[in-house]
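Here the structure is laid out as C-alpha cells; the discussion comes afterwards.
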Amino acid sequence: MSVAKVPRETLAIALGADELASELAQAGHEVVRTGSCGLCWAEPMIDIDGIAYGPVTDLADLEAARLGPVDTLPDLARQERRVFDRCGRADPFDYDPAWLCSQLERDPVEMIGEIEASGLRGRGGAGFPAHIKWRTVHDTPADQKYVIVNADEGDSGTFADRLIMEGDPFRLIEGMLLAGRAVGADKGIVYLRSEYPLAAEIFARAIASARNMGLLEAFDMELFVGAGAYICGEETSLLESLEGKRGEIRAKPPVPAIAGLFGKPTLVHNVITLCAVPDILESGGANYAALGVGASTGTMTFQLAGNVKKGALIELPFGVSLRALIEDWGGGTRSGRPVGAVQVGGPLGAYLKDEQLDTPMTYEALAAIGAGVGHGGIVVFDETVDLVLQAHYAFAFCAHESCGKCTPCRIGAVRGKETVEAFMASAQGDDELAIIRDLCDVMEQASLCQMGGMTPIPVRSALGLK
Amino acid sequence: MLEPGSEETRVRDIATVRVDQIGGTIAALSDVVRTFGHIERRHMEIVADVFNLTVAEIRGIVSFYSDLRTEPTGKRHIRICQAEACQSVGGRELTAATASRLGIGLGETAADGSVSLEAVYCLGLCTSGPSATVDGRAVPFATVEALTE
Ligand SMILES: Cc1cc2nc3c(=O)[nH]c(=O)nc-3n(C[C@H](O)[C@H](O)[C@H](O)COP(=O)(O)O)c2cc1C
Ligand code: SF4
Ligand code: FES
C-alpha cells in the first residue's frame, strides 16, 4: 500500500491538510501525519511514497504540484539539518527512546565539556554561550534546580519553535532531559505562548507519552501556556509570570542561573538552543563547532518571512549571506518588486538596506553593522515600505508591550511614538528628529532591559539615524 | 453554603485546582476566560480569595496579560496580525478594510455583539501573511472576504 505523509501543522492545516489527509485515506493510502519540513511556501506539502508535492490544492491534479523525490529536493538537501533532521519525516509520536536513555547515563561534567567544545550560543536572541550557564547552574548548590524552556516566540518573522514543537516534540524533550542531567535539575517547565494552540496540544501529548515510556522518572516536566504578553519572552519577566505574577522585569544580577524560579538555580534556554543539544552530544562538540564561522558555530534555523516568494525555515551553518537567503532560497519578493528593507532578528532588530545584504549571517558580522541575529527571523519588505511608519511601529510596539517598570521605556516609547507622528506632520522635521535621537540615546542607555534598550535599533536604522 | 453548579462554585473550583501549580493565578484566570468568555470583578474576588491574595493583586495580573480580557468578545471574534511580517504584505490595509467593512475599530465590538475585532502580534504564520484568526481558527493569506463572510 502506498504511504502518504501529510503534515499536522498549523499552517498546513489552515491551508487544507486535514481534508487532504481524509481524501488520501479514502483513496486507499496509508496516511501518516507528520510535522512540517519547514518549506512553508509548499504547504500543504505531501509526500507519497517518497515523492513530494506542494502546494497541493487538488488531489485530482497532483502532478501539477509535483516537486520531486523528497530525499533529493534541493530546498531540503542543500540544508544542514541538525535540529530539524527528523521534523516532517515521520509521525512524531513514533519515537524510540533507546538513544536518549543511553545518553542519560553520561557524566554531567563531560556533557558540559561537549557543550563548551561546540561553541553553542543561545538562539533566543542574546547569543550568550550556553556552557557558561550550564556550568553556573551545575556549580550552584541548591535543593532544587530548574530547566526552563522559553517558547514564548513573540518575534515577528519567527516560527522555528512552533515548527519543532508541532513536528518533533521529542527533540525538545531530549534537549530538556539531557540539560537536566548535565546541570543537576529534576524539573522542567516549558513556557509556551498562547498563540500556538496546536503546539500546546501536541507537546502536552508528547509529555504524556514520555511519561508512559518511563522517561520522566528522574526529571519531570510540565507545560505552561502564557496569557498574551511579548515581554514575558524576556527571561526574568518569564520567571515572574511562572510565579503567577505580572511579568515585570527583574533587575540582574542575580542571573537566573544562580537565583531564578522561586530563587533557585535555573537554566533558561530558547527551544532551538535545547534542540541543538542532542546532535551535539551525539556527534560531538568539535563536530558541531566545525560548522559556521569563528565564534558563530553550528547551524542557525533561519526563518524567511514577510514579502518573500518562498517563505521557509532554512537550517544552515552560520555565514550564509542575507542576499543568498532572500534570493537563492526565497526566490526574491512575493510582490516581484525590488527589496526595500529587511528586518533581521524580530521587532528589536535592525532594518537593513540593499547595500547591507551581503553581510554574512554571523553574530559578529551583524553586530559590526549595528544589527543582530536574534532568533533568526528575516522579514523582507519590498520597495513600497514606508520606513518612517516602521519607526513609528517600533515605538508603538514598545509602548504596547512595555512592562512599565522603568521610566525610559514606559515614557520614552510613548513620547517616541508621538514624536514620529509630529515628524510625519511637519514640513521640516529637524526638531523632531533631534528629539527622537535624544530619546533613543536615553532608552538605550537607561532602560532596565532590552525591550526599551533595543527599541532604538529598529528606530534608528529605519530613520537612517546614526 | 455554595450551591453546586453555581457560577461562584465553578470559579472556586477552577481556581482551587490551580492553587499549588506553577503560574497558578494566570492559569486559573485563563480558565475563567475559557469558561465564561471574560473576567468580571466578582470572578477576581473569588480567585483572590482562593489564592489568598488581594483583589488589587489579581486585578494587576489581569491588566497585564492581554488574553485576560474583562469585556466579552463578539459572537464572532476576529484577530488580525499587526506585526512586521504581515505589514510587509498588506496587513495594515487589511486591518483598515476589515474595520471599515464591519463598521468597528480595532479593539471594538459591534453594538449588537455580533462581531469583534482585535489586534494580535504574530501568529507564527509569517511566511503566509497577512495572518488572522476567526474564532481561533488560523487564516493565512487573509482577505476582507475571508474574514467577514
Ligand atoms: C523583550 C524581549 C523578548 C524576548 N523574547 C524571547 C522569546 O520569545 N524567546 C526566547 O527564547 N528568548 C527571548 N528573549 C531572550 C531571553 O531573555 C533569554 O535571553 C533567552 O530565553 C535565553 O535563552 P538562550 O540562551 O537559549 O537564547 C527576549 C528578550 C527580550 C529582551
Ligand atoms: S525597558 Fe521596558 S520592558 Fe524593560 S524593564 Fe523597562 S519598562 Fe519594562
Ligand atoms: S507577523 Fe503576522 S503572523 Fe507573524
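Every chain in the C-alpha cells takes a letter, A first, then B, and so on in the order presented; its residues are numbered from 1, and the ligands are numbered from 1 following the presented order.
Contact shell of Thr333 (chain A) at 12 Å (only C-alpha atoms; same-chain neighbours under 6 positions omitted): Leu304, Ala305, Gly306, Asn307, Val308, Lys309, Lys310, Gly311, Arg323, Leu325, Ile326, Glu327, Val339, Gly340, Ala341, Val342, Val379, Val380, Phe381, Asp382, Glu383 and Thr384 of chain A; Ser88, Val89 and Thr127 of chain B.
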How about saving the chosen residues, N, CA and C atoms kept, as a tab-separated table (two decimals), in the first residue's frame?
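Dumped everything to again27.tsv:
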chain	number	residue	atom	x	y	z
A	304	LEU	N	12.63	32.69	6.95
A	304	LEU	CA	12.47	33.66	5.88
A	304	LEU	C	10.99	33.98	5.77
A	305	ALA	N	10.65	35.27	5.99
A	305	ALA	CA	9.23	35.60	6.14
A	305	ALA	C	8.92	36.96	5.52
A	306	GLY	N	7.65	37.31	5.54
A	306	GLY	CA	7.22	38.60	5.02
A	306	GLY	C	7.03	38.54	3.53
A	307	ASN	N	7.50	39.60	2.86
A	307	ASN	CA	7.26	39.72	1.42
A	307	ASN	C	8.33	38.94	0.64
A	308	VAL	N	8.21	37.62	0.68
A	308	VAL	CA	9.18	36.76	0.03
A	308	VAL	C	8.40	35.63	-0.64
A	309	LYS	N	8.89	35.22	-1.81
A	309	LYS	CA	8.14	34.23	-2.59
A	309	LYS	C	8.10	32.89	-1.87
A	310	LYS	N	9.26	32.43	-1.42
A	310	LYS	CA	9.32	31.11	-0.81
A	310	LYS	C	9.72	31.20	0.66
A	311	GLY	N	8.75	31.61	1.47
A	311	GLY	CA	9.00	31.70	2.91
A	311	GLY	C	9.21	30.31	3.48
A	323	ARG	N	21.58	38.06	1.32
A	323	ARG	CA	21.16	38.08	-0.08
A	323	ARG	C	20.94	36.66	-0.61
A	325	LEU	N	20.10	34.09	1.14
A	325	LEU	CA	18.87	33.57	1.74
A	325	LEU	C	17.65	34.12	1.00
A	326	ILE	N	17.65	35.42	0.78
A	326	ILE	CA	16.46	36.04	0.20
A	326	ILE	C	16.31	35.68	-1.28
A	327	GLU	N	17.41	35.70	-2.01
A	327	GLU	CA	17.30	35.47	-3.46
A	327	GLU	C	17.35	33.99	-3.82
A	339	VAL	N	13.67	44.51	-3.39
A	339	VAL	CA	13.68	44.56	-1.92
A	339	VAL	C	13.87	46.01	-1.48
A	340	GLY	N	13.07	46.44	-0.48
A	340	GLY	CA	13.21	47.80	0.03
A	340	GLY	C	13.96	47.84	1.35
A	341	ALA	N	13.70	46.87	2.20
A	341	ALA	CA	14.36	46.79	3.51
A	341	ALA	C	14.15	45.38	4.04
A	342	VAL	N	15.06	44.98	4.93
A	342	VAL	CA	14.94	43.65	5.54
A	342	VAL	C	15.14	43.84	7.04
A	379	VAL	N	12.64	39.34	7.94
A	379	VAL	CA	11.38	39.83	7.37
A	379	VAL	C	11.69	40.76	6.20
A	380	VAL	N	11.25	40.34	5.04
A	380	VAL	CA	11.55	41.08	3.81
A	380	VAL	C	10.40	42.04	3.49
A	381	PHE	N	10.78	43.27	3.17
A	381	PHE	CA	9.82	44.28	2.68
A	381	PHE	C	10.22	44.64	1.26
A	382	ASP	N	9.27	44.93	0.41
A	382	ASP	CA	9.64	45.41	-0.93
A	382	ASP	C	9.80	46.92	-0.90
A	383	GLU	N	10.04	47.51	-2.08
A	383	GLU	CA	10.38	48.93	-2.14
A	383	GLU	C	9.24	49.85	-1.70
A	384	THR	N	8.04	49.33	-1.56
A	384	THR	CA	6.94	50.20	-1.13
A	384	THR	C	6.96	50.45	0.38
B	88	SER	N	4.35	43.72	5.87
B	88	SER	CA	5.08	43.74	4.59
B	88	SER	C	4.25	43.19	3.44
B	89	VAL	N	3.13	42.54	3.77
B	89	VAL	CA	2.27	42.01	2.71
B	89	VAL	C	0.83	42.51	2.86
B	127	THR	N	5.22	33.49	7.01
B	127	THR	CA	5.54	33.28	5.59
B	127	THR	C	4.31	33.50	4.72
For this session: Tell me, as a VMD selection string, which residues lie within 10 Å of region 87-93 of chain A, counting only C-alpha atoms; anything in the same chain fewer than 3 positions away does not count.
Result: chain A and resid 5 to 9 32 to 39 45 to 47 70 81 83 to 84 96 163 to 171 202 205 to 206 209 to 210
Those residues with C-alpha atoms, as a PDB file, in the first residue's frame please?
ATOM      1  CA  LYS A   5       2.714  11.720   4.642  1.00  0.00           C
ATOM      2  CA  VAL A   6       0.622  14.800   5.396  1.00  0.00           C
ATOM      3  CA  PRO A   7       1.709  17.468   7.874  1.00  0.00           C
ATOM      4  CA  ARG A   8      -0.286  18.035  11.009  1.00  0.00           C
ATOM      5  CA  GLU A   9       0.975  21.566  11.493  1.00  0.00           C
ATOM      6  CA  VAL A  32       0.888   9.247   8.277  1.00  0.00           C
ATOM      7  CA  ARG A  33       0.549  12.635   9.961  1.00  0.00           C
ATOM      8  CA  THR A  34       3.995  14.207  10.259  1.00  0.00           C
ATOM      9  CA  GLY A  35       5.258  17.655  11.163  1.00  0.00           C
ATOM     10  CA  SER A  36       6.083  20.255   8.524  1.00  0.00           C
ATOM     11  CA  CYS A  37       9.530  20.071   6.998  1.00  0.00           C
ATOM     12  CA  GLY A  38       9.562  23.870   7.022  1.00  0.00           C
ATOM     13  CA  LEU A  39       9.060  24.601   3.337  1.00  0.00           C
ATOM     14  CA  MET A  45       3.133  19.678   1.136  1.00  0.00           C
ATOM     15  CA  ILE A  46       2.563  15.952   0.986  1.00  0.00           C
ATOM     16  CA  ASP A  47       4.871  13.043   0.371  1.00  0.00           C
ATOM     17  CA  VAL A  70      11.814  14.232  -1.207  1.00  0.00           C
ATOM     18  CA  ARG A  81      19.604  19.855   9.188  1.00  0.00           C
ATOM     19  CA  VAL A  83      17.973  20.408  14.661  1.00  0.00           C
ATOM     20  CA  PHE A  84      15.269  19.731  12.088  1.00  0.00           C
ATOM     21  CA  ASP A  96      12.259   5.129  20.058  1.00  0.00           C
ATOM     22  CA  LEU A 163       7.505  24.058  13.923  1.00  0.00           C
ATOM     23  CA  ILE A 164       9.697  21.855  16.086  1.00  0.00           C
ATOM     24  CA  MET A 165       7.184  21.613  18.930  1.00  0.00           C
ATOM     25  CA  GLU A 166       4.483  20.587  16.468  1.00  0.00           C
ATOM     26  CA  GLY A 167       6.693  18.413  14.295  1.00  0.00           C
ATOM     27  CA  ASP A 168       9.320  16.839  16.556  1.00  0.00           C
ATOM     28  CA  PRO A 169       8.360  17.456  20.201  1.00  0.00           C
ATOM     29  CA  PHE A 170      10.635  14.640  21.339  1.00  0.00           C
ATOM     30  CA  ARG A 171      13.639  16.622  20.160  1.00  0.00           C
ATOM     31  CA  ILE A 202       0.982  18.211  20.569  1.00  0.00           C
ATOM     32  CA  ARG A 205       0.606  14.758  24.359  1.00  0.00           C
ATOM     33  CA  ALA A 206       4.353  14.233  23.936  1.00  0.00           C
ATOM     34  CA  SER A 209       3.778   9.806  26.044  1.00  0.00           C
ATOM     35  CA  ALA A 210       7.260  10.353  27.509  1.00  0.00           C
TER      36      ALA A 210
END
Define the interface residues of chain A facing chain B as those within 7 Å, counting only C-alpha atoms, and report them as a PDB file with N, CA, C and O atoms, in the first residue's frame.
ATOM      1  N   LEU A  11       0.031  25.799   9.901  1.00  0.00           N
ATOM      2  CA  LEU A  11      -0.125  26.429   8.590  1.00  0.00           C
ATOM      3  C   LEU A  11      -0.709  25.450   7.568  1.00  0.00           C
ATOM      4  O   LEU A  11      -1.656  25.777   6.848  1.00  0.00           O
ATOM      5  N   ALA A  14      -4.331  24.968   8.163  1.00  0.00           N
ATOM      6  CA  ALA A  14      -5.117  26.134   7.750  1.00  0.00           C
ATOM      7  C   ALA A  14      -5.273  26.171   6.240  1.00  0.00           C
ATOM      8  O   ALA A  14      -6.208  26.769   5.711  1.00  0.00           O
ATOM      9  N   CYS A  40       7.453  26.264   4.010  1.00  0.00           N
ATOM     10  CA  CYS A  40       6.100  26.796   4.211  1.00  0.00           C
ATOM     11  C   CYS A  40       5.438  27.182   2.892  1.00  0.00           C
ATOM     12  O   CYS A  40       4.235  27.045   2.726  1.00  0.00           O
ATOM     13  N   GLY A 154       7.842  35.445  20.447  1.00  0.00           N
ATOM     14  CA  GLY A 154       6.991  36.577  20.096  1.00  0.00           C
ATOM     15  C   GLY A 154       7.469  37.369  18.900  1.00  0.00           C
ATOM     16  O   GLY A 154       6.724  38.200  18.372  1.00  0.00           O
ATOM     17  N   SER A 156       8.085  38.826  15.451  1.00  0.00           N
ATOM     18  CA  SER A 156       7.514  38.704  14.116  1.00  0.00           C
ATOM     19  C   SER A 156       8.559  38.075  13.197  1.00  0.00           C
ATOM     20  O   SER A 156       9.742  38.379  13.293  1.00  0.00           O
ATOM     21  N   GLY A 157       8.115  37.202  12.327  1.00  0.00           N
ATOM     22  CA  GLY A 157       9.033  36.572  11.381  1.00  0.00           C
ATOM     23  C   GLY A 157       9.646  35.299  11.906  1.00  0.00           C
ATOM     24  O   GLY A 157      10.499  34.708  11.239  1.00  0.00           O
ATOM     25  N   THR A 158       9.238  34.848  13.088  1.00  0.00           N
ATOM     26  CA  THR A 158       9.822  33.615  13.617  1.00  0.00           C
ATOM     27  C   THR A 158       8.750  32.565  13.900  1.00  0.00           C
ATOM     28  O   THR A 158       7.641  32.889  14.336  1.00  0.00           O
ATOM     29  N   PHE A 159       9.104  31.326  13.617  1.00  0.00           N
ATOM     30  CA  PHE A 159       8.173  30.216  13.808  1.00  0.00           C
ATOM     31  C   PHE A 159       8.910  28.900  13.999  1.00  0.00           C
ATOM     32  O   PHE A 159       8.316  27.827  13.940  1.00  0.00           O
ATOM     33  N   GLU A 195      -0.637  31.912  21.603  1.00  0.00           N
ATOM     34  CA  GLU A 195      -0.993  31.996  20.185  1.00  0.00           C
ATOM     35  C   GLU A 195      -0.730  30.687  19.445  1.00  0.00           C
ATOM     36  O   GLU A 195      -1.022  30.587  18.250  1.00  0.00           O
ATOM     37  N   ALA A 227      -0.292  34.076  28.649  1.00  0.00           N
ATOM     38  CA  ALA A 227      -1.601  34.720  28.537  1.00  0.00           C
ATOM     39  C   ALA A 227      -1.523  36.000  27.704  1.00  0.00           C
ATOM     40  O   ALA A 227      -2.301  36.928  27.914  1.00  0.00           O
ATOM     41  N   GLY A 228      -0.554  36.026  26.762  1.00  0.00           N
ATOM     42  CA  GLY A 228      -0.523  37.155  25.852  1.00  0.00           C
ATOM     43  C   GLY A 228       0.287  38.317  26.383  1.00  0.00           C
ATOM     44  O   GLY A 228      -0.272  39.294  26.889  1.00  0.00           O
ATOM     45  N   ALA A 229       1.625  38.218  26.312  1.00  0.00           N
ATOM     46  CA  ALA A 229       2.496  39.323  26.708  1.00  0.00           C
ATOM     47  C   ALA A 229       3.863  39.080  26.053  1.00  0.00           C
ATOM     48  O   ALA A 229       4.545  38.127  26.413  1.00  0.00           O
ATOM     49  N   SER A 241       6.258  35.563  35.619  1.00  0.00           N
ATOM     50  CA  SER A 241       4.993  35.038  35.130  1.00  0.00           C
ATOM     51  C   SER A 241       4.767  33.611  35.635  1.00  0.00           C
ATOM     52  O   SER A 241       3.664  33.255  36.066  1.00  0.00           O
ATOM     53  N   LEU A 242       5.828  32.801  35.628  1.00  0.00           N
ATOM     54  CA  LEU A 242       5.699  31.428  36.144  1.00  0.00           C
ATOM     55  C   LEU A 242       5.433  31.411  37.640  1.00  0.00           C
ATOM     56  O   LEU A 242       4.903  30.448  38.175  1.00  0.00           O
ATOM     57  N   GLU A 243       5.801  32.494  38.319  1.00  0.00           N
ATOM     58  CA  GLU A 243       5.483  32.583  39.745  1.00  0.00           C
ATOM     59  C   GLU A 243       4.084  33.149  39.948  1.00  0.00           C
ATOM     60  O   GLU A 243       3.685  33.479  41.068  1.00  0.00           O
ATOM     61  N   GLY A 244       3.365  33.321  38.844  1.00  0.00           N
ATOM     62  CA  GLY A 244       1.970  33.730  38.927  1.00  0.00           C
ATOM     63  C   GLY A 244       1.752  35.224  39.044  1.00  0.00           C
ATOM     64  O   GLY A 244       0.687  35.687  39.433  1.00  0.00           O
ATOM     65  N   LYS A 245       2.782  35.997  38.694  1.00  0.00           N
ATOM     66  CA  LYS A 245       2.681  37.443  38.874  1.00  0.00           C
ATOM     67  C   LYS A 245       2.620  38.188  37.548  1.00  0.00           C
ATOM     68  O   LYS A 245       2.689  37.591  36.481  1.00  0.00           O
ATOM     69  N   ARG A 246       2.491  39.520  37.615  1.00  0.00           N
ATOM     70  CA  ARG A 246       2.663  40.351  36.434  1.00  0.00           C
ATOM     71  C   ARG A 246       4.077  40.107  35.926  1.00  0.00           C
ATOM     72  O   ARG A 246       5.000  39.930  36.705  1.00  0.00           O
ATOM     73  N   LEU A 304      12.633  32.687   6.949  1.00  0.00           N
ATOM     74  CA  LEU A 304      12.474  33.663   5.879  1.00  0.00           C
ATOM     75  C   LEU A 304      10.993  33.985   5.771  1.00  0.00           C
ATOM     76  O   LEU A 304      10.188  33.091   5.498  1.00  0.00           O
ATOM     77  N   ALA A 305      10.649  35.268   5.992  1.00  0.00           N
ATOM     78  CA  ALA A 305       9.230  35.602   6.137  1.00  0.00           C
ATOM     79  C   ALA A 305       8.918  36.959   5.523  1.00  0.00           C
ATOM     80  O   ALA A 305       9.809  37.678   5.075  1.00  0.00           O
ATOM     81  N   GLY A 306       7.647  37.306   5.541  1.00  0.00           N
ATOM     82  CA  GLY A 306       7.223  38.604   5.022  1.00  0.00           C
ATOM     83  C   GLY A 306       7.028  38.544   3.527  1.00  0.00           C
ATOM     84  O   GLY A 306       6.504  37.566   2.983  1.00  0.00           O
ATOM     85  N   ASN A 307       7.497  39.600   2.857  1.00  0.00           N
ATOM     86  CA  ASN A 307       7.258  39.716   1.419  1.00  0.00           C
ATOM     87  C   ASN A 307       8.325  38.945   0.645  1.00  0.00           C
ATOM     88  O   ASN A 307       9.241  39.513   0.048  1.00  0.00           O
ATOM     89  N   GLY A 311       8.749  31.608   1.474  1.00  0.00           N
ATOM     90  CA  GLY A 311       8.997  31.704   2.911  1.00  0.00           C
ATOM     91  C   GLY A 311       9.210  30.308   3.484  1.00  0.00           C
ATOM     92  O   GLY A 311       8.511  29.369   3.122  1.00  0.00           O
ATOM     93  N   ALA A 312      10.210  30.165   4.360  1.00  0.00           N
ATOM     94  CA  ALA A 312      10.544  28.830   4.842  1.00  0.00           C
ATOM     95  C   ALA A 312      11.422  28.910   6.074  1.00  0.00           C
ATOM     96  O   ALA A 312      11.995  29.961   6.379  1.00  0.00           O
ATOM     97  N   VAL A 379      12.640  39.344   7.942  1.00  0.00           N
ATOM     98  CA  VAL A 379      11.380  39.832   7.370  1.00  0.00           C
ATOM     99  C   VAL A 379      11.692  40.758   6.205  1.00  0.00           C
ATOM    100  O   VAL A 379      12.323  41.799   6.372  1.00  0.00           O
ATOM    101  N   PHE A 381      10.780  43.273   3.169  1.00  0.00           N
ATOM    102  CA  PHE A 381       9.825  44.283   2.683  1.00  0.00           C
ATOM    103  C   PHE A 381      10.222  44.638   1.261  1.00  0.00           C
ATOM    104  O   PHE A 381      11.415  44.696   0.954  1.00  0.00           O
TER     105      PHE A 381
END
Exercise. Please, which residues of chain B, numbered as in this document, come out strand (DSSP E or B) from DSSP, as a ChimeraX atom specification?
Worked result: /B:76-81,109,115-120,132-134,137-139
Save the residues we just selected, N, CA and C atoms, as a JSON list (two decimals), in the first residue's frame?
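Dumped everything to again.json:
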[["chain", "number", "residue", "atom", "x", "y", "z"],
["B", 76, "ARG", "N", -18.70, 36.50, 16.91],
["B", 76, "ARG", "CA", -17.62, 36.11, 16.01],
["B", 76, "ARG", "C", -16.43, 36.99, 16.36],
["B", 77, "HIS", "N", -15.29, 36.37, 16.63],
["B", 77, "HIS", "CA", -14.15, 37.14, 17.10],
["B", 77, "HIS", "C", -13.00, 37.05, 16.09],
["B", 78, "ILE", "N", -12.63, 38.20, 15.57],
["B", 78, "ILE", "CA", -11.59, 38.25, 14.53],
["B", 78, "ILE", "C", -10.35, 38.92, 15.11],
["B", 79, "ARG", "N", -9.21, 38.27, 14.93],
["B", 79, "ARG", "CA", -7.94, 38.89, 15.33],
["B", 79, "ARG", "C", -7.09, 39.03, 14.08],
["B", 80, "ILE", "N", -6.52, 40.19, 13.87],
["B", 80, "ILE", "CA", -5.67, 40.40, 12.70],
["B", 80, "ILE", "C", -4.25, 40.74, 13.17],
["B", 81, "CYS", "N", -3.28, 40.07, 12.58],
["B", 81, "CYS", "CA", -1.89, 40.29, 12.97],
["B", 81, "CYS", "C", -1.42, 41.67, 12.54],
["B", 109, "THR", "N", -16.11, 46.03, 19.70],
["B", 109, "THR", "CA", -17.14, 45.02, 19.46],
["B", 109, "THR", "C", -18.36, 45.73, 18.89],
["B", 115, "VAL", "N", -19.94, 40.82, 16.33],
["B", 115, "VAL", "CA", -18.56, 40.63, 15.88],
["B", 115, "VAL", "C", -17.61, 41.55, 16.65],
["B", 116, "SER", "N", -16.40, 41.09, 16.86],
["B", 116, "SER", "CA", -15.39, 41.95, 17.49],
["B", 116, "SER", "C", -14.07, 41.79, 16.74],
["B", 117, "LEU", "N", -13.27, 42.84, 16.82],
["B", 117, "LEU", "CA", -12.02, 42.90, 16.07],
["B", 117, "LEU", "C", -10.90, 43.22, 17.05],
["B", 118, "GLU", "N", -9.82, 42.45, 16.98],
["B", 118, "GLU", "CA", -8.75, 42.62, 17.95],
["B", 118, "GLU", "C", -7.40, 42.54, 17.24],
["B", 119, "ALA", "N", -6.42, 43.25, 17.79],
["B", 119, "ALA", "CA", -5.06, 43.16, 17.27],
["B", 119, "ALA", "C", -4.37, 41.94, 17.87],
["B", 120, "VAL", "N", -3.51, 41.30, 17.09],
["B", 120, "VAL", "CA", -2.67, 40.25, 17.64],
["B", 120, "VAL", "C", -1.27, 40.50, 17.06],
["B", 132, "ALA", "N", -4.50, 36.02, 10.24],
["B", 132, "ALA", "CA", -5.59, 36.39, 11.13],
["B", 132, "ALA", "C", -6.13, 35.12, 11.76],
["B", 133, "THR", "N", -7.01, 35.29, 12.74],
["B", 133, "THR", "CA", -7.79, 34.14, 13.22],
["B", 133, "THR", "C", -9.25, 34.56, 13.27],
["B", 134, "VAL", "N", -10.12, 33.61, 12.99],
["B", 134, "VAL", "CA", -11.55, 33.81, 13.17],
["B", 134, "VAL", "C", -12.01, 32.75, 14.15],
["B", 137, "ARG", "N", -9.60, 30.00, 14.70],
["B", 137, "ARG", "CA", -9.11, 29.24, 13.54],
["B", 137, "ARG", "C", -8.15, 30.12, 12.74],
["B", 138, "ALA", "N", -6.97, 29.59, 12.40],
["B", 138, "ALA", "CA", -5.96, 30.38, 11.70],
["B", 138, "ALA", "C", -6.36, 30.63, 10.25],
["B", 139, "VAL", "N", -6.14, 31.86, 9.80],
["B", 139, "VAL", "CA", -6.43, 32.23, 8.42],
["B", 139, "VAL", "C", -5.18, 32.86, 7.81]]
For this session: Using only C-alpha atoms, determine which residues lie at most 12 Å from Thr297 (chain A), disregarding the query and same-chain residues fewer than 2 positions distant; provide the list as JSON, numbers by chain.
Result: {"A": [115, 116, 117, 118, 119, 120, 121, 122, 123, 127, 129, 130, 276, 280, 285, 286, 287, 288, 289, 290, 291, 292, 293, 294, 295, 299, 300, 316, 317, 318, 319, 361, 362, 363, 364]}
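Interatomic distance, CA of Gly180 (chain A) to CA of His375 (chain A): 22.9 Å.
Using only C-alpha atoms, the shortest contact distance between Val50 (chain B) and any of B:Glu145, B:Asp31, B:Glu71, B:Asp13 is found at B:Asp13.
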Exercise. What's the 10 Å shell around Glu240 (chain A), counting only C-alpha atoms, without same-chain residues fewer than 4 positions away, as a ChimeraX atom specification?
Worked result: /A:232,235-236,244-250,260-262 /B:23
For this session: Kindly compile the residues surrounding ligand 1 within 6 Å, counting only C-alpha atoms and all ligand atoms, and format them as JSON, numbers by chain.
Result: {"A": [122, 123, 124, 125, 126, 127, 128, 150, 151, 152, 153, 154, 231, 233, 234, 235, 268, 269, 270, 273, 449, 450, 451]}
For this session: Identify, counting only C-alpha atoms and all ligand atoms, the protein, DNA and RNA residues located within 10 Å of ligand 2, and give them as number ranges by chain.
Result: A: 230-232, 234, 236-237, 247-251, 398-413, 443-444, 446-455
Problem set entry | Members of region 255-330 of chain A assigned alpha helix (DSSP H) by DSSP, as a PyMOL selection string | chain A and resi 271-283+285-289+322-323
Can you spit out the residues from that selection as a short mmCIF file (atom, residue, chain, number, x, y, z; two decimals), in the first residue's frame, using N, CA and C atoms?
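Writing done, so here's selection.cif:
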data_model
loop_
_atom_site.label_atom_id
_atom_site.label_comp_id
_atom_site.auth_asym_id
_atom_site.auth_seq_id
_atom_site.Cartn_x
_atom_site.Cartn_y
_atom_site.Cartn_z
N VAL A 271 13.91 27.29 22.87
CA VAL A 271 13.60 25.95 22.33
C VAL A 271 14.72 25.44 21.43
N ILE A 272 15.16 26.27 20.50
CA ILE A 272 16.10 25.80 19.48
C ILE A 272 17.48 25.53 20.08
N THR A 273 17.87 26.32 21.08
CA THR A 273 19.15 26.05 21.75
C THR A 273 19.13 24.63 22.32
N LEU A 274 18.06 24.30 23.04
CA LEU A 274 17.98 22.96 23.65
C LEU A 274 17.85 21.88 22.58
N CYS A 275 17.19 22.21 21.48
CA CYS A 275 17.02 21.21 20.42
C CYS A 275 18.32 20.96 19.65
N ALA A 276 19.33 21.81 19.83
CA ALA A 276 20.64 21.57 19.21
C ALA A 276 21.47 20.61 20.06
N VAL A 277 21.08 20.45 21.32
CA VAL A 277 21.88 19.67 22.27
C VAL A 277 22.00 18.18 21.89
N PRO A 278 20.89 17.51 21.49
CA PRO A 278 21.04 16.08 21.14
C PRO A 278 22.09 15.84 20.06
N ASP A 279 22.08 16.65 19.01
CA ASP A 279 23.07 16.46 17.94
C ASP A 279 24.49 16.69 18.45
N ILE A 280 24.65 17.71 19.29
CA ILE A 280 25.99 18.00 19.83
C ILE A 280 26.50 16.82 20.67
N LEU A 281 25.62 16.27 21.50
CA LEU A 281 26.06 15.17 22.36
C LEU A 281 26.23 13.88 21.56
N GLU A 282 25.51 13.75 20.46
CA GLU A 282 25.66 12.55 19.65
C GLU A 282 26.89 12.63 18.75
N SER A 283 27.03 13.76 18.03
CA SER A 283 28.14 13.81 17.07
C SER A 283 29.39 14.47 17.64
N GLY A 285 30.97 17.81 20.33
CA GLY A 285 31.06 19.26 20.29
C GLY A 285 31.96 19.76 19.17
N ALA A 286 33.07 19.07 18.94
CA ALA A 286 34.01 19.53 17.91
C ALA A 286 33.40 19.44 16.53
N ASN A 287 32.63 18.39 16.31
CA ASN A 287 31.96 18.22 15.03
C ASN A 287 31.00 19.39 14.77
N TYR A 288 30.25 19.78 15.80
CA TYR A 288 29.30 20.89 15.67
C TYR A 288 30.07 22.19 15.44
N ALA A 289 31.16 22.36 16.18
CA ALA A 289 31.93 23.61 16.10
C ALA A 289 32.61 23.77 14.74
N LEU A 322 22.63 37.29 3.73
CA LEU A 322 21.21 37.61 3.67
C LEU A 322 20.73 37.57 2.23
N ARG A 323 21.58 38.06 1.32
CA ARG A 323 21.16 38.08 -0.08
C ARG A 323 20.94 36.66 -0.61
#
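Counting only C-alpha atoms and all ligand atoms and comparing A:Asn212, A:Gln303, A:Ser335, A:Gln103, the residue that lies closest to ligand 3 is A:Gln303.
When only C-alpha atoms are used to measure the gap to Leu267 (chain A), the shortest distance among A:Gly50, A:Gly68, A:Gly184, A:Gly336 belongs to A:Gly184.
When only C-alpha atoms and all ligand atoms are used to compute distances to ligand 3, the closest of the residues A:Gly226, A:Gly298, A:Gly214, A:Gly377 turns out to be A:Gly377.
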